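Undergrad: For reference, this is upload_10.txt, and it has compact mmCIF, C-alpha atoms.
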# COMPACT_ATOMS: atom_id res chain seq x y z
CA MET P 1 89.58 52.58 52.12
CA PRO P 2 91.93 54.86 54.09
CA ALA P 3 95.59 53.95 53.52
CA LEU P 4 98.99 55.06 54.75
CA CYS P 5 102.53 54.60 53.48
CA ARG P 6 104.73 53.63 56.39
CA ASP P 7 107.87 54.82 54.58
CA CYS P 8 106.96 58.33 53.36
CA LEU P 9 103.83 58.77 55.55
CA ALA P 10 101.62 59.68 52.59
CA GLU P 11 97.85 59.34 53.13
CA PHE P 12 95.76 58.01 50.23
CA ASP P 13 93.04 55.59 49.15
CA HIS P 14 93.73 51.86 49.19
CA GLY P 15 96.49 50.64 46.90
CA VAL P 16 99.15 47.94 46.74
CA ARG P 17 101.93 50.54 46.46
CA CYS P 18 102.30 54.10 47.68
CA PRO P 19 101.42 56.57 44.88
CA GLU P 20 104.04 59.00 46.24
CA CYS P 21 107.17 56.87 46.74
CA GLY P 22 106.14 53.63 45.01
CA ARG P 23 107.03 51.45 47.99
CA PRO P 24 104.89 48.52 49.14
CA ARG P 25 104.79 49.15 52.91
CA VAL P 26 101.16 50.22 52.74
CA LEU P 27 98.74 49.97 55.66
CA ALA P 28 95.02 50.08 54.80
CA HIS P 29 91.97 49.64 57.02
CA GLU P 30 88.40 50.95 57.09
CA GLU P 31 88.91 52.46 60.57
CA LEU P 32 92.59 53.37 60.15
CA PHE P 33 92.08 57.11 60.68
CA ASP P 34 89.38 56.74 63.38
CA LEU P 35 91.21 54.70 66.05
CA SER P 36 93.38 56.34 68.72
CA ILE P 37 94.41 53.79 71.39
CA ALA P 38 97.85 52.34 70.69
CA HIS P 39 100.51 50.05 72.13
CA MET P 40 104.13 50.47 71.03
CA ASP P 41 106.51 47.59 71.69
CA CYS P 42 110.19 47.80 70.75
CA ASP P 43 111.55 44.85 68.77
CA ALA P 44 113.98 42.69 70.81
CA PHE P 45 114.91 45.91 72.59
CA TYR P 46 118.00 44.99 74.61
CA ALA P 47 119.46 42.95 71.74
CA SER P 48 118.70 45.77 69.28
CA VAL P 49 120.57 48.29 71.44
CA GLU P 50 123.55 45.93 71.63
CA LYS P 51 123.60 45.46 67.84
CA ARG P 52 123.25 49.17 67.25
CA ASP P 53 126.18 49.94 69.55
CA ASN P 54 128.33 47.11 68.17
CA PRO P 55 127.84 46.68 64.40
CA ASP P 56 130.00 43.52 64.48
CA LEU P 57 127.01 41.79 66.11
CA ARG P 58 124.51 42.86 63.47
CA ASP P 59 124.30 39.59 61.51
CA LYS P 60 124.99 37.23 64.42
CA PRO P 61 122.56 35.45 66.75
CA LEU P 62 122.67 37.43 69.98
CA ILE P 63 121.51 36.61 73.49
CA VAL P 64 121.41 39.16 76.29
CA GLY P 65 121.50 37.48 79.68
CA GLY P 66 123.47 35.84 82.45
CA GLY P 67 125.98 33.04 82.45
CA LYS P 68 125.36 29.33 82.02
CA ARG P 69 123.28 29.25 85.20
CA GLY P 70 121.34 32.39 84.25
CA VAL P 71 118.37 32.98 82.01
CA VAL P 72 117.80 34.72 78.68
CA THR P 73 116.78 38.35 79.13
CA THR P 74 116.30 39.03 75.41
CA ALA P 75 117.24 37.24 72.21
CA CYS P 76 117.52 38.80 68.77
CA TYR P 77 115.28 37.48 66.00
CA ILE P 78 118.08 35.39 64.48
CA ALA P 79 118.37 33.49 67.76
CA ARG P 80 114.58 33.28 68.09
CA ILE P 81 114.40 31.40 64.80
CA LYS P 82 116.43 28.68 66.54
CA GLY P 83 113.87 28.57 69.35
CA VAL P 84 115.55 30.83 71.93
CA ARG P 85 113.03 32.72 74.06
CA SER P 86 113.08 35.21 76.93
CA ALA P 87 113.25 33.65 80.43
CA MET P 88 114.66 30.41 78.97
CA PRO P 89 117.53 28.88 80.99
CA MET P 90 120.82 29.88 79.39
CA PHE P 91 122.09 26.31 79.05
CA LYS P 92 119.00 25.37 77.05
CA ALA P 93 119.31 28.47 74.85
CA LEU P 94 122.91 27.59 74.03
CA GLN P 95 121.90 24.03 73.20
CA LEU P 96 119.42 25.39 70.67
CA CYS P 97 121.79 28.04 69.32
CA PRO P 98 125.41 27.17 70.26
CA GLU P 99 126.81 29.78 67.86
CA ALA P 100 125.06 32.63 69.69
CA VAL P 101 127.02 35.53 71.13
CA VAL P 102 126.07 36.11 74.78
CA VAL P 103 126.45 39.56 76.33
CA PRO P 104 125.49 40.74 79.84
CA PRO P 105 122.73 43.36 80.16
CA ARG P 106 123.73 47.05 80.12
CA MET P 107 120.80 48.66 81.89
CA GLU P 108 122.18 52.19 81.65
CA ALA P 109 122.30 51.96 77.85
CA TYR P 110 118.77 50.58 77.68
CA ALA P 111 117.45 53.24 80.05
CA GLU P 112 119.06 55.98 77.96
CA ALA P 113 117.46 54.63 74.76
CA SER P 114 114.12 54.30 76.57
CA ARG P 115 114.25 57.94 77.68
CA ALA P 116 114.86 59.05 74.09
CA ILE P 117 111.88 57.03 72.86
CA ARG P 118 109.70 58.36 75.68
CA ALA P 119 110.57 61.93 74.69
CA MET P 120 109.36 61.18 71.16
CA MET P 121 106.10 59.73 72.50
CA ASP P 122 105.56 62.74 74.75
CA GLU P 123 105.65 64.96 71.64
CA LEU P 124 102.62 63.06 70.31
CA THR P 125 100.43 62.99 73.43
CA PRO P 126 100.65 63.70 77.16
CA VAL P 127 98.82 60.42 77.83
CA VAL P 128 101.62 57.83 77.74
CA GLU P 129 101.58 54.83 80.10
CA PRO P 130 104.94 53.01 80.16
CA LEU P 131 104.80 49.31 80.98
CA SER P 132 108.57 48.80 80.93
CA LEU P 133 111.63 50.31 79.29
CA ASP P 134 110.56 49.04 75.87
CA GLU P 135 106.78 49.29 75.68
CA ALA P 136 103.98 51.75 76.41
CA PHE P 137 100.35 52.54 75.80
CA LEU P 138 99.47 55.83 74.10
CA ASP P 139 96.09 57.59 73.93
CA LEU P 140 96.04 59.96 70.96
CA THR P 141 92.36 60.83 71.23
CA GLY P 142 91.80 64.44 70.17
CA THR P 143 95.34 65.00 68.85
CA ALA P 144 94.48 65.10 65.12
CA LYS P 145 93.82 68.86 65.18
CA LEU P 146 97.07 69.48 67.05
CA HIS P 147 99.24 67.50 64.62
CA GLY P 148 97.22 67.98 61.44
CA HIS P 149 97.18 64.21 60.92
CA PRO P 150 95.23 61.28 62.41
CA PRO P 151 96.85 59.15 65.16
CA ALA P 152 97.83 56.35 62.74
CA VAL P 153 100.06 58.70 60.77
CA MET P 154 101.72 60.06 63.91
CA LEU P 155 102.38 56.53 65.19
CA ALA P 156 103.97 55.57 61.87
CA ARG P 157 106.09 58.72 62.17
CA LEU P 158 107.11 57.70 65.71
CA VAL P 159 108.57 54.32 64.70
CA LYS P 160 110.18 55.91 61.62
CA ARG P 161 111.91 58.47 63.87
CA MET P 162 113.00 55.69 66.23
CA GLN P 163 114.71 53.93 63.35
CA ASP P 164 116.16 57.03 61.67
CA GLU P 165 117.38 58.82 64.81
CA LEU P 166 118.02 56.02 67.31
CA GLY P 167 118.67 52.99 65.12
CA LEU P 168 115.92 51.04 66.91
CA THR P 169 112.67 49.54 65.64
CA GLY P 170 109.26 49.05 67.19
CA SER P 171 105.88 47.54 66.41
CA ILE P 172 102.54 49.34 66.73
CA GLY P 173 99.13 47.98 67.68
CA LEU P 174 96.20 50.35 67.04
CA SER P 175 92.66 49.68 68.21
CA HIS P 176 89.76 51.02 70.29
CA ASN P 177 90.98 49.82 73.72
CA LYS P 178 94.11 48.73 75.60
CA PHE P 179 93.42 45.00 75.49
CA LEU P 180 93.17 44.88 71.70
CA ALA P 181 95.97 47.38 71.08
CA LYS P 182 98.40 45.18 73.01
CA ILE P 183 97.31 42.07 71.08
CA ALA P 184 97.69 43.96 67.79
CA SER P 185 101.25 45.09 68.49
CA ASP P 186 102.39 41.47 68.62
CA LEU P 187 100.70 40.30 65.41
CA ASP P 188 103.38 41.26 62.89
CA LYS P 189 106.71 41.65 64.68
CA PRO P 190 109.28 42.94 63.98
CA ARG P 191 108.55 46.39 62.47
CA GLY P 192 104.84 45.62 62.49
CA PHE P 193 101.80 47.90 62.42
CA SER P 194 98.52 46.07 62.98
CA VAL P 195 95.00 47.39 63.36
CA ILE P 196 91.98 45.80 65.05
CA GLY P 197 88.84 47.82 64.32
CA THR P 198 85.59 47.95 66.23
CA ALA P 199 83.57 46.23 63.50
CA GLU P 200 85.88 43.21 63.24
CA THR P 201 86.58 42.66 66.94
CA MET P 202 84.23 39.74 67.55
CA ASP P 203 85.23 37.86 64.40
CA PHE P 204 88.92 38.52 64.99
CA LEU P 205 88.86 37.09 68.52
CA ALA P 206 86.57 34.12 67.90
CA ASP P 207 89.17 31.43 67.12
CA LYS P 208 92.05 32.96 69.10
CA PRO P 209 93.35 31.13 72.20
CA VAL P 210 92.46 32.64 75.57
CA SER P 211 96.18 32.63 76.37
CA LEU P 212 96.24 35.94 74.46
CA ILE P 213 94.63 37.54 77.50
CA TRP P 214 97.24 39.49 79.40
CA GLY P 215 97.68 37.94 82.85
CA VAL P 216 96.38 34.46 81.97
CA GLY P 217 99.23 32.23 83.11
CA GLN P 218 99.62 28.48 83.17
CA MET P 219 97.44 27.94 86.25
CA THR P 220 94.53 30.00 84.88
CA ARG P 221 94.91 28.39 81.45
CA THR P 222 94.73 24.93 83.03
CA ALA P 223 91.59 25.91 84.96
CA LEU P 224 89.99 27.26 81.78
CA GLU P 225 90.86 24.10 79.84
CA LYS P 226 89.26 21.97 82.55
CA ALA P 227 86.09 23.99 81.93
CA GLY P 228 86.36 23.35 78.18
CA ILE P 229 87.50 26.91 77.43
CA ARG P 230 90.35 27.17 74.94
CA THR P 231 89.26 29.94 72.58
CA PHE P 232 87.33 33.19 72.85
CA ALA P 233 84.42 31.47 71.12
CA ASP P 234 84.38 28.88 73.93
CA LEU P 235 84.40 31.69 76.47
CA ARG P 236 81.39 33.42 74.87
CA ARG P 237 79.24 30.33 75.36
CA TRP P 238 79.31 30.88 79.12
CA GLU P 239 76.84 33.11 80.93
CA ARG P 240 78.37 35.99 82.82
CA ASP P 241 77.07 34.78 86.21
CA ASP P 242 78.41 31.27 85.61
CA LEU P 243 81.89 32.59 84.81
CA HIS P 244 81.82 34.76 87.92
CA GLN P 245 80.68 31.85 90.08
CA ARG P 246 83.45 29.58 88.77
CA PHE P 247 86.34 32.04 88.44
CA GLY P 248 85.40 34.90 90.78
CA ASN P 249 86.28 38.45 89.70
CA MET P 250 88.47 37.00 86.95
CA GLY P 251 85.33 35.45 85.44
CA ASP P 252 83.67 38.84 85.10
CA ARG P 253 86.77 40.22 83.39
CA LEU P 254 86.87 37.22 81.04
CA TRP P 255 83.24 37.79 80.01
CA HIS P 256 84.03 41.35 78.92
CA LEU P 257 87.32 40.52 77.20
CA ALA P 258 85.68 37.67 75.28
CA ARG P 259 83.66 40.40 73.58
CA GLY P 260 86.62 42.71 73.11
CA GLN P 261 85.45 45.07 75.86
CA ASP P 262 88.03 46.87 78.00
CA LYS P 263 87.12 50.10 79.82
CA ARG P 264 90.53 50.69 81.40
CA ARG P 265 91.90 54.14 80.76
CA ILE P 266 95.48 54.79 79.76
CA SER P 267 97.07 56.36 82.83
CA ALA P 268 99.99 58.73 82.36
CA ASN P 269 100.79 58.82 86.07
CA ARG P 270 100.77 55.19 87.13
CA PRO P 271 103.17 55.00 90.09
CA VAL P 272 106.11 52.61 90.35
CA LYS P 273 105.30 50.12 93.12
CA SER P 274 108.72 48.55 93.68
CA ILE P 275 112.32 48.42 92.49
CA SER P 276 114.34 45.23 92.55
CA ASN P 277 117.35 43.51 91.05
CA GLU P 278 118.52 39.92 91.17
CA THR P 279 121.26 37.66 89.86
CA THR P 280 121.63 33.93 89.19
CA PHE P 281 124.91 32.24 90.13
CA PHE P 282 127.03 30.02 87.89
CA GLU P 283 127.12 27.51 90.76
CA ASP P 284 125.00 27.16 93.90
CA THR P 285 126.71 28.86 96.80
CA GLY P 286 126.33 29.44 100.51
CA HIS P 287 129.68 31.25 100.83
CA ILE P 288 129.06 34.30 102.99
CA ASP P 289 131.69 36.52 101.36
CA LEU P 290 130.32 35.85 97.87
CA LEU P 291 126.75 36.45 99.02
CA GLU P 292 127.73 39.70 100.73
CA GLY P 293 129.42 40.92 97.56
CA HIS P 294 126.32 40.18 95.50
CA ILE P 295 124.06 41.89 98.04
CA TRP P 296 126.19 45.03 97.83
CA ARG P 297 126.11 45.14 94.02
CA LEU P 298 122.37 44.53 93.96
CA ALA P 299 121.76 47.15 96.65
CA GLN P 300 123.78 49.67 94.65
CA LYS P 301 121.77 48.97 91.48
CA VAL P 302 118.47 49.35 93.34
CA SER P 303 119.77 52.53 94.96
CA ASP P 304 120.86 53.98 91.60
CA ARG P 305 117.44 53.31 90.06
CA ALA P 306 115.65 54.84 93.04
CA LYS P 307 117.85 57.93 93.00
CA ALA P 308 117.33 58.32 89.24
CA ARG P 309 113.54 58.38 89.83
CA ASP P 310 113.91 60.62 92.89
CA ILE P 311 112.13 58.09 95.12
CA ALA P 312 112.87 56.07 98.25
CA GLY P 313 111.27 53.10 100.01
CA ARG P 314 110.36 51.85 103.46
CA ILE P 315 110.39 48.08 102.84
CA VAL P 316 113.60 46.19 102.01
CA THR P 317 113.23 42.63 100.69
CA LEU P 318 115.82 39.87 100.32
CA LYS P 319 114.93 37.09 97.85
CA LEU P 320 116.79 33.78 97.63
CA LYS P 321 116.19 30.72 95.45
CA ARG P 322 117.53 27.34 96.53
CA ALA P 323 118.94 24.58 94.32
CA ASN P 324 115.50 22.92 94.11
CA HIS P 325 114.05 26.25 92.80
CA SER P 326 112.05 26.88 95.98
CA THR P 327 112.06 30.55 96.95
CA LEU P 328 112.77 32.22 100.29
CA SER P 329 112.05 35.86 100.99
CA ARG P 330 112.51 38.05 104.02
CA ARG P 331 111.52 41.67 104.43
CA VAL P 332 111.75 44.44 106.97
CA THR P 333 110.02 47.81 107.27
CA LEU P 334 112.38 50.68 108.03
CA HIS P 335 111.45 53.45 110.45
CA ASP P 336 112.45 55.96 107.77
CA PRO P 337 112.37 55.50 103.94
CA THR P 338 115.74 55.37 102.18
CA ASN P 339 117.48 55.13 98.82
CA ILE P 340 120.99 54.93 100.26
CA ALA P 341 122.87 51.87 98.97
CA ASP P 342 124.79 51.44 102.22
CA ARG P 343 121.59 51.24 104.23
CA LEU P 344 119.95 48.86 101.74
CA TYR P 345 123.03 46.64 101.89
CA ARG P 346 123.21 46.55 105.68
CA THR P 347 119.49 45.82 105.97
CA ALA P 348 119.54 43.04 103.35
CA ARG P 349 122.73 41.63 104.89
CA GLY P 350 120.92 41.37 108.23
CA LEU P 351 118.07 39.49 106.55
CA LEU P 352 120.58 37.04 105.07
CA ASP P 353 121.61 35.96 108.56
CA GLN P 354 118.05 34.69 109.13
CA VAL P 355 118.22 32.18 106.24
CA LEU P 356 121.93 31.52 105.66
CA ASP P 357 121.78 27.96 107.01
CA GLU P 358 119.08 27.07 104.41
CA GLY P 359 121.52 27.37 101.48
CA PRO P 360 123.23 26.82 99.17
CA PHE P 361 121.47 29.25 96.83
CA ARG P 362 121.26 29.64 93.05
CA LEU P 363 119.74 33.15 92.98
CA ILE P 364 119.73 36.25 95.17
CA GLY P 365 117.78 39.48 94.85
CA VAL P 366 117.28 42.77 96.70
CA GLY P 367 114.11 44.86 96.46
CA LEU P 368 112.73 48.17 97.71
CA SER P 369 108.99 48.90 98.02
CA ASP P 370 106.40 51.11 99.75
CA LEU P 371 107.87 53.93 97.69
CA VAL P 372 107.67 57.64 98.51
CA SER P 373 109.31 60.84 97.32
CA ALA P 374 113.04 61.05 98.01
CA SER P 375 112.40 64.32 99.85
CA ASP P 376 110.90 62.23 102.66
CA ALA P 377 113.91 59.90 102.92
CA ASP P 378 116.55 59.50 105.64
CA ARG P 379 115.27 62.33 107.82
CA THR P 380 115.55 60.67 111.23
CA PRO P 381 119.04 60.00 112.64
CA ASP P 382 119.71 56.34 113.42
CA LEU P 383 120.51 56.31 117.14
CA LEU P 384 121.75 52.71 116.92
CA ASP P 385 124.18 53.58 114.10
CA PRO P 386 125.59 57.09 114.65
CA ASP P 387 127.96 56.75 111.67
CA ALA P 388 125.12 56.11 109.19
CA ALA P 389 124.72 59.83 108.37
CA LYS P 390 128.45 60.15 107.57
CA ARG P 391 128.34 57.11 105.29
CA ALA P 392 125.27 58.50 103.52
CA GLU P 393 127.03 61.83 102.97
CA ALA P 394 130.09 60.02 101.59
CA GLU P 395 127.86 57.97 99.29
CA ARG P 396 126.20 61.09 97.86
CA ALA P 397 129.65 62.54 97.18
CA SER P 398 130.74 59.35 95.43
CA ASP P 399 127.51 59.44 93.37
CA LEU P 400 128.59 62.79 91.94
CA ILE P 401 132.01 61.39 91.04
CA ARG P 402 130.47 58.29 89.41
CA ALA P 403 128.06 60.48 87.46
CA ARG P 404 130.95 62.53 86.07
CA PHE P 405 133.63 59.88 85.52
CA GLY P 406 131.65 56.65 85.14
CA LYS P 407 130.11 54.06 87.44
CA ASP P 408 133.47 52.33 88.04
CA ALA P 409 135.27 55.52 89.10
CA ILE P 410 134.76 54.54 92.76
CA VAL P 411 134.38 50.90 93.77
CA LYS P 412 133.95 49.66 97.33
CA GLY P 413 136.05 46.73 98.45
CA ARG P 414 132.98 44.62 99.18
CA ALA P 415 131.98 44.92 95.49
CA LEU P 416 135.08 42.90 94.55
CA ARG P 417 134.03 39.82 96.50
Using structure tokens, write down the structure from this file.

TA:
Amino acid sequence: MPALCRDCLAEFDHGVRCPECGRPRVLAHEELFDLSIAHMDCDAFYASVEKRDNPDLRDKPLIVGGGKRGVVTTACYIARIKGVRSAMPMFKALQLCPEAVVVPPRMEAYAEASRAIRAMMDELTPVVEPLSLDEAFLDLTGTAKLHGHPPAVMLARLVKRMQDELGLTGSIGLSHNKFLAKIASDLDKPRGFSVIGTAETMDFLADKPVSLIWGVGQMTRTALEKAGIRTFADLRRWERDDLHQRFGNMGDRLWHLARGQDKRRISANRPVKSISNETTFFEDTGHIDLLEGHIWRLAQKVSDRAKARDIAGRIVTLKLKRANHSTLSRRVTLHDPTNIADRLYRTARGLLDQVLDEGPFRLIGVGLSDLVSASDADRTPDLLDPDAAKRAEAERASDLIRARFGKDAIVKGRALR
């Protein structure tokens, strides 16, 4: 049986320990050197970056997220043992793990680490499909001749390089399609490497819950349970036409996934559809000055991300969540796409006037969509705001200063509200 040492990357026949280095981190599977579709998922990415950059946090439970009214963005594995999970309200997380250290997200640091990991993946294959800063699909089909090793070895080398050079760890899922590769990457976290081969697919899935299917949320799960479908084995008992009649197009997809079939290709050029940022307040507020300050900071973050990707957008969206958790959103389509923070702020600020009397609010967000190349942005002068071009020019100049001396080198007065 083909085997691989995940420490020294030696290839050999099946054994409990590596014959080269004697270590036990051995991965063995009948199809190990034949599979080429992979999913790499970093382990507690944001928390791992924080612990890497601050060794004092290494042995402490760590939560990355907002204040008491916010939510958990990421929790380290020490905190997860106590029950802390991503998207959990912060007050509940601190009830479960009161000794946890809470730090705010540092998106620039995470983006920098993500770029370094992406560069490593690009050395393995040109077919990399990022899903977020900390996970991606890779198609290594046909790369064995290029690298002189099968994809499994190169993937083990990738996560070894991540740990050695970046101080970050990741888990690998290797299979024959995207659906199974993503499931596999979550089977043995952290620092996992799991394989789901073609021959074992049906048996592997049989007793697994259908909640493993990516995109099956609470509503779909409830609908499936009403139909008596809880596992993949339950799903296979249904005829394809019956599933389609009951669940529409989703039913057809479920029929294929129940058999481990997924024909989606890994796309290296999947476009970004939108950019957004939001924040949750410590206390509900309808105070106009506070809301304006938050809109400016959010607009600047969205602008920075758009400029970094060299894109702009035509649609600006303002999102608000009230105390009862109901959501309001307003959007406007600009006559000319933009990535200028000042213009995003002024547009979102105008949208706020439409809903201000429906507060107080517990969350606010600003988004940009209908994205295009930045070369097509801000071409047409705004006749209703003749000073807009001057402000945009001043903003570009301040961007250069911030890039050289740090993001806090220039701060607008409205950011201090």

Undergrad: Quick one: everything within 7 Å of Asp252 (chain P), counting all atoms listed in the file, minus sequence neighbours fewer than 3 positions away in the same chain. Send it as a list in words.

TA: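 Skipping anything fewer than 3 positions along the chain leaves Arg240, Leu243, His244, Asn249, Trp255 and His256 of chain P.
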
Undergrad: Hey, can you spit out that residue selection with C-alpha atoms as a PDB file, in the coordinates of the input?

TA:
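And here's selection.pdb as it stands now:
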ATOM      1  CA  ARG P 240      78.370  35.990  82.820  1.00  0.00           C
ATOM      2  CA  LEU P 243      81.890  32.590  84.810  1.00  0.00           C
ATOM      3  CA  HIS P 244      81.820  34.760  87.920  1.00  0.00           C
ATOM      4  CA  ASN P 249      86.280  38.450  89.700  1.00  0.00           C
ATOM      5  CA  TRP P 255      83.240  37.790  80.010  1.00  0.00           C
ATOM      6  CA  HIS P 256      84.030  41.350  78.920  1.00  0.00           C
TER       7      HIS P 256
END

Undergrad: Considering only C-alpha atoms, can you say which of P:Thr317, P:Thr222, P:Ser36, P:Thr231 comes closest to Lys178 (chain P)?

TA: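 When distances to Lys178 (chain P) are compared using only C-alpha atoms, the smallest one comes from P:Ser36.
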
Undergrad: Pick from P:His39, P:Arg305, P:Arg297, P:Arg17: nearest to Val128 (chain P), with all atoms listed in the file counted?

TA: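 Result for the nearest residue to Val128 (chain P): P:His39.
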
Undergrad: Name the residues in contact with Cys76 (chain P) at a cut-off of 6 Å, using all atoms listed in the file, excluding same-chain residues fewer than 5 positions from it; report them as a ChimeraX atom specification.

TA: /P:44,47,62

Undergrad: Mind checking which residues fall within 6 Å of region 356-370 of chain P, counting all atoms listed in the file, ignoring those fewer than 2 positions away in the same chain, and posting them as JSON, numbers by chain?

TA: {"P": [274, 275, 276, 277, 278, 279, 280, 281, 284, 285, 286, 313, 314, 315, 316, 317, 318, 319, 320, 321, 322, 323, 352, 353]}

Undergrad: Any idea what the distance is between CA of Met88 (chain P) and CA of Arg58 (chain P)?

TA: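 Here the two named atoms are 22.2 Å from each other.
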